[in-house]
Amino acid sequence: MIPLSPTGLASYAKAKGKYIGSAYDNAYISDSAYNQVVFPNVNQLTCENSMKWDSVEQTQGDFSTTLWADRVVNITILNGMTLRGHTLVWHSQLPSWVTGGSWTNATLTSVMVNHITGEMTKYKGKIHTWDVVNEALNEDGSLRTSLFYNLIGETYIDIAFKTAKSVDSAAILAINDYNVDGTGSKSTGMTNLVTRVKARGAPIEQIGIQAHLIVGSVPTTLSTNWNNFVNLGVSIAITELDIRMPTPATSANLAQQATDYVNVVTACLNISKCLGITFWGMSDAHSWVSSTFSGQGAACLYDESMQPKAAYTAVQSLLAS
Ligand code: G3I
């Protein structure tokens with residue numbers, strides 16, 4: 001494996017008490033050019049897809065078909081990196097036996113508890129932080145209607161966190177979402193939800209801020225919002241950072257992107273309970289953006305040819321300063 005570089009992002013961030021990570025997966029292991037831009041820069045990984053329910057428990061109760069995730073787990077162990085477990089309970093990327101089942105409150109609760117228990121037991125001691133619940137909120141801050149919410153109600157979140165705690169009390173337990181970057185309805189909804197769930201005795205320990213952002217539209221209220229979150233008695237982490245723009249990229253947008261990335265990283269550096277930053281891929285060659293948002297892309301620190309952009313140099317200089 002390619003070693004961490006003394007001038008890579010993680011080496012500098014470590015001196016400031018933060019980690020730097022990337023989404024990664026089995027599919028990239030043989031891409032040596034990509035590995036050359038990932039591994040010198042990171043001391044943390046998140047499986048982009050292979051720890052999701054549809055990969056880990058394809059058949060009910062069978063947690064043996066996890067070869068892809070296991071390879072990433074081994075990479076982190078061999079290289080002394082931390083691994084974020086993503087994700088235990090999410091409305092998306094569920095296997096068909098879950099989405100197609102005829103569940104009641106009681107049977108779906110049992111299925112969810114068994115999934116959390118099976119996956120966390122398998123990886124116990126190897127995961128630094130778990131995204132226990134992912135994307136539970138609507139844009140207006142209300143609870144998203146999902147299989148879990150519809151049948152179990154809001155307390156599916158309490159049950160998920162209590163179960164996770166009982167399986168691996170050493171891991172940090174996070175609720176993770178997008179569009180909770182700056183202040184607004186969804187961030188208020190997150191604050192209220194975490195307050196309610198914690199008041200009922202369920203151990204939410206971190207708010208994961210995905211930070212899928214748009215060039216020139218990064219909220220100016222990042223620090224205010226993130227301080228509101230840590231005042232709830234939780235840590236925060238930036239879990240899926242990328243900053244997209246219309247493609248092809250212009251030099252003006254690439255310059256703005258450098259400013260935007262610096263603003264996000266600065267906001268995390270300034271909050272002691274912001275533990276670190278995970279980029280959702282290090283290169284535009286392996287980013288989800290262009291296949292999801294037509295005409296947009298160029299969201300990562302390295303371009304499709306694995307060349308560092310202005311944003312990379314700016315973040316590197318900031319972390320080194
Ligand atoms: O593995 C199959 C492959 O066999 C098949 O040929 C191909 C055809 O489409 O699909 C492949 O699966 C794709 C998978 O990524 C692996 O590449 C799925 O279609 C595709 O939907 C899936 O997209 C992932 C997406 O989550 C699914 O919701 C993205 O890679 C991943 O970056 C994205 O990550 C999410 C986070 O988990 C949660 N937050 C938002 C973030 C971005 O959407």
# chains A, B, ... in the order shown; residues from 1 in each chain; ligands from 1

call {"tool": "residues_near_ligand", "arguments": {"ligand": "ligand 1", "cutoff": "8 Å", "atoms": "only C-alpha atoms and all ligand atoms", "output": "short mmCIF file (atom, residue, chain, number, x, y, z; two decimals) with N, CA, C and O atoms, in the first residue's frame"}}
result
data_model
loop_
_atom_site.label_atom_id
_atom_site.label_comp_id
_atom_site.auth_asym_id
_atom_site.auth_seq_id
_atom_site.Cartn_x
_atom_site.Cartn_y
_atom_site.Cartn_z
N ALA A 23 -14.04 8.44 1.02
CA ALA A 23 -14.82 7.28 0.60
C ALA A 23 -13.91 6.39 -0.23
O ALA A 23 -13.07 6.87 -1.01
N GLU A 48 -17.70 3.25 0.53
CA GLU A 48 -18.70 4.05 -0.19
C GLU A 48 -20.01 3.30 -0.33
O GLU A 48 -21.09 3.91 -0.25
N ASN A 49 -19.96 2.01 -0.52
CA ASN A 49 -21.19 1.22 -0.70
C ASN A 49 -21.21 -0.12 0.04
O ASN A 49 -22.28 -0.61 0.40
N LYS A 52 -23.28 -1.12 3.25
CA LYS A 52 -24.72 -0.84 3.29
C LYS A 52 -25.50 -2.16 3.37
O LYS A 52 -24.98 -3.22 3.03
N HIS A 86 -20.52 2.68 7.44
CA HIS A 86 -21.58 3.41 6.73
C HIS A 86 -22.39 2.42 5.92
O HIS A 86 -21.85 1.87 4.97
N THR A 87 -23.61 2.15 6.27
CA THR A 87 -24.40 2.72 7.33
C THR A 87 -25.39 1.66 7.77
O THR A 87 -25.76 0.78 6.95
N SER A 92 -32.44 3.77 1.95
CA SER A 92 -31.96 3.44 0.60
C SER A 92 -31.01 2.25 0.65
O SER A 92 -30.47 1.91 1.71
N GLN A 93 -30.75 1.67 -0.52
CA GLN A 93 -29.84 0.52 -0.65
C GLN A 93 -30.17 -0.59 0.36
O GLN A 93 -29.29 -1.13 1.03
N ASN A 134 -29.00 6.97 8.98
CA ASN A 134 -28.60 7.84 7.87
C ASN A 134 -29.83 8.50 7.24
O ASN A 134 -30.81 7.81 6.94
N GLU A 135 -29.77 9.82 7.09
CA GLU A 135 -30.76 10.57 6.30
C GLU A 135 -32.20 10.36 6.79
O GLU A 135 -33.09 10.00 6.02
N ASP A 177 -26.47 13.09 7.98
CA ASP A 177 -27.45 13.61 7.01
C ASP A 177 -26.81 14.66 6.11
O ASP A 177 -25.71 15.17 6.38
N TYR A 178 -27.53 14.98 5.00
CA TYR A 178 -27.09 16.04 4.09
C TYR A 178 -27.97 17.27 4.28
O TYR A 178 -29.03 17.21 4.92
N GLN A 210 -22.88 15.54 6.12
CA GLN A 210 -22.37 14.98 4.86
C GLN A 210 -21.63 16.04 4.04
O GLN A 210 -20.58 15.77 3.48
N HIS A 212 -22.46 17.62 1.03
CA HIS A 212 -22.46 17.59 -0.44
C HIS A 212 -22.86 18.99 -0.89
O HIS A 212 -24.04 19.34 -0.88
N GLU A 240 -18.91 13.44 4.16
CA GLU A 240 -18.99 13.09 2.73
C GLU A 240 -18.71 14.32 1.87
O GLU A 240 -19.39 14.57 0.87
N TRP A 280 -15.80 12.72 -0.14
CA TRP A 280 -16.56 11.63 -0.76
C TRP A 280 -15.91 11.29 -2.10
O TRP A 280 -16.44 11.54 -3.17
N SER A 287 -16.33 9.77 -8.53
CA SER A 287 -17.29 10.57 -7.77
C SER A 287 -18.70 10.23 -8.23
O SER A 287 -18.94 10.02 -9.42
N TRP A 288 -19.62 10.21 -7.28
CA TRP A 288 -21.03 9.90 -7.58
C TRP A 288 -21.73 11.04 -8.31
O TRP A 288 -22.80 10.86 -8.88
N VAL A 289 -21.12 12.26 -8.32
CA VAL A 289 -21.87 13.47 -8.68
C VAL A 289 -22.36 13.46 -10.13
O VAL A 289 -23.54 13.68 -10.39
N THR A 292 -25.35 11.49 -11.04
CA THR A 292 -26.58 11.82 -10.30
C THR A 292 -27.14 13.18 -10.72
O THR A 292 -28.35 13.35 -10.84
#

call {"tool": "closest_atom_pairs", "arguments": {"of": "range 14-72 of chain A", "to": "range 300-311 of chain A", "cutoff": "12 Å", "atoms": "only C-alpha atoms", "output": "CSV"}}
result
residue,atom,partner,partner_atom,distance
A:Ser22,CA,A:Cys300,CA,10.5
A:Ala23,CA,A:Cys300,CA,11.3
A:Asp31,CA,A:Met306,CA,11.3
A:Ser32,CA,A:Met306,CA,10.8
A:Ala33,CA,A:Met306,CA,7.1
A:Tyr34,CA,A:Met306,CA,6.8
A:Asn35,CA,A:Met306,CA,9.8
A:Gln36,CA,A:Met306,CA,8.5
A:Val37,CA,A:Met306,CA,6.8
A:Val38,CA,A:Tyr302,CA,9.7
A:Asn41,CA,A:Leu301,CA,10.9

call {"tool": "residues_around", "arguments": {"residues": "range 191-204 of chain A", "least_positions_apart": "2", "cutoff": "10 Å", "atoms": "only C-alpha atoms", "output": "PyMOL selection string"}}
result
chain A and resi 132-133+136-137+141-143+154-155+157-165+169+172-175+180+185-189+206-207+225+228-235

call {"tool": "select_by_dssp", "arguments": {"residues": "range 182-235 of chain A", "states": "strand (DSSP E or B)", "output": "number ranges by chain"}}
result
A: 206-209, 212-214, 235

call {"tool": "atom_distance", "arguments": {"atom1": "CA of Tyr28 in chain A", "atom2": "CA of Gly281 in chain A"}}
result
10.5 Å

call {"tool": "atom_distance", "arguments": {"atom1": "CA of Val98 in chain A", "atom2": "CA of Tyr156 in chain A"}}
result
15.3 Å

call {"tool": "residues_around", "arguments": {"residues": "range 318-320 of chain A", "least_positions_apart": "6", "cutoff": "12 Å", "atoms": "only C-alpha atoms", "output": "PyMOL selection string"}}
result
chain A and resi 6-20+41+258-259+261-270+276-277+311-312

call {"tool": "write_last_selection", "arguments": {"atoms": "C-alpha atoms", "output": "PDB file, in the first residue's frame"}}
result
ATOM      1  CA  PRO A   6       4.479  13.812   5.246  1.00  0.00           C
ATOM      2  CA  THR A   7       3.070  16.528   2.972  1.00  0.00           C
ATOM      3  CA  GLY A   8      -0.286  14.795   2.518  1.00  0.00           C
ATOM      4  CA  LEU A   9      -3.457  16.224   3.987  1.00  0.00           C
ATOM      5  CA  ALA A  10      -3.744  13.735   6.862  1.00  0.00           C
ATOM      6  CA  SER A  11      -0.203  14.312   8.141  1.00  0.00           C
ATOM      7  CA  TYR A  12      -0.840  18.028   8.446  1.00  0.00           C
ATOM      8  CA  ALA A  13      -4.342  17.566   9.860  1.00  0.00           C
ATOM      9  CA  LYS A  14      -3.093  15.097  12.466  1.00  0.00           C
ATOM     10  CA  ALA A  15      -0.856  17.818  13.897  1.00  0.00           C
ATOM     11  CA  LYS A  16      -4.040  19.864  14.362  1.00  0.00           C
ATOM     12  CA  GLY A  17      -5.870  16.977  16.040  1.00  0.00           C
ATOM     13  CA  LYS A  18      -8.106  16.087  13.077  1.00  0.00           C
ATOM     14  CA  TYR A  19      -8.293  13.102  10.739  1.00  0.00           C
ATOM     15  CA  ILE A  20      -8.652  13.250   6.956  1.00  0.00           C
ATOM     16  CA  ASN A  41      -3.574  11.950   1.934  1.00  0.00           C
ATOM     17  CA  ALA A 258     -10.751  26.437  -3.589  1.00  0.00           C
ATOM     18  CA  THR A 259     -12.256  29.224  -1.460  1.00  0.00           C
ATOM     19  CA  TYR A 261     -13.186  24.090   0.430  1.00  0.00           C
ATOM     20  CA  VAL A 262     -11.004  26.326   2.596  1.00  0.00           C
ATOM     21  CA  ASN A 263     -14.096  27.748   4.304  1.00  0.00           C
ATOM     22  CA  VAL A 264     -15.442  24.284   5.130  1.00  0.00           C
ATOM     23  CA  VAL A 265     -12.114  22.976   6.422  1.00  0.00           C
ATOM     24  CA  THR A 266     -11.517  26.168   8.426  1.00  0.00           C
ATOM     25  CA  ALA A 267     -14.893  25.827  10.123  1.00  0.00           C
ATOM     26  CA  CYS A 268     -14.012  22.291  11.234  1.00  0.00           C
ATOM     27  CA  LEU A 269     -10.516  23.303  12.388  1.00  0.00           C
ATOM     28  CA  ASN A 270     -12.046  26.015  14.571  1.00  0.00           C
ATOM     29  CA  GLY A 276     -12.272  15.225  11.113  1.00  0.00           C
ATOM     30  CA  ILE A 277     -13.178  15.459   7.467  1.00  0.00           C
ATOM     31  CA  ALA A 311      -8.755  23.351  -4.096  1.00  0.00           C
ATOM     32  CA  TYR A 312      -6.253  20.654  -3.159  1.00  0.00           C
TER      33      TYR A 312
END

call {"tool": "residues_around", "arguments": {"residues": "range 244-247 of chain A", "least_positions_apart": "2", "cutoff": "6 Å", "atoms": "only C-alpha atoms", "output": "VMD selection string"}}
result
chain A and resid 214 to 215 249 295 to 299

call {"tool": "write_last_selection", "arguments": {"atoms": "C-alpha atoms", "output": "short mmCIF file (atom, residue, chain, number, x, y, z; two decimals), in the first residue's frame"}}
result
data_model
loop_
_atom_site.label_atom_id
_atom_site.label_comp_id
_atom_site.auth_asym_id
_atom_site.auth_seq_id
_atom_site.Cartn_x
_atom_site.Cartn_y
_atom_site.Cartn_z
CA ILE A 214 -22.36 23.48 -4.51
CA VAL A 215 -19.65 25.87 -5.68
CA ALA A 249 -15.22 23.37 -15.07
CA GLY A 295 -24.22 18.57 -16.25
CA GLN A 296 -22.49 18.81 -12.88
CA GLY A 297 -19.30 17.33 -11.50
CA ALA A 298 -15.68 18.34 -10.84
CA ALA A 299 -16.53 18.14 -7.15
#
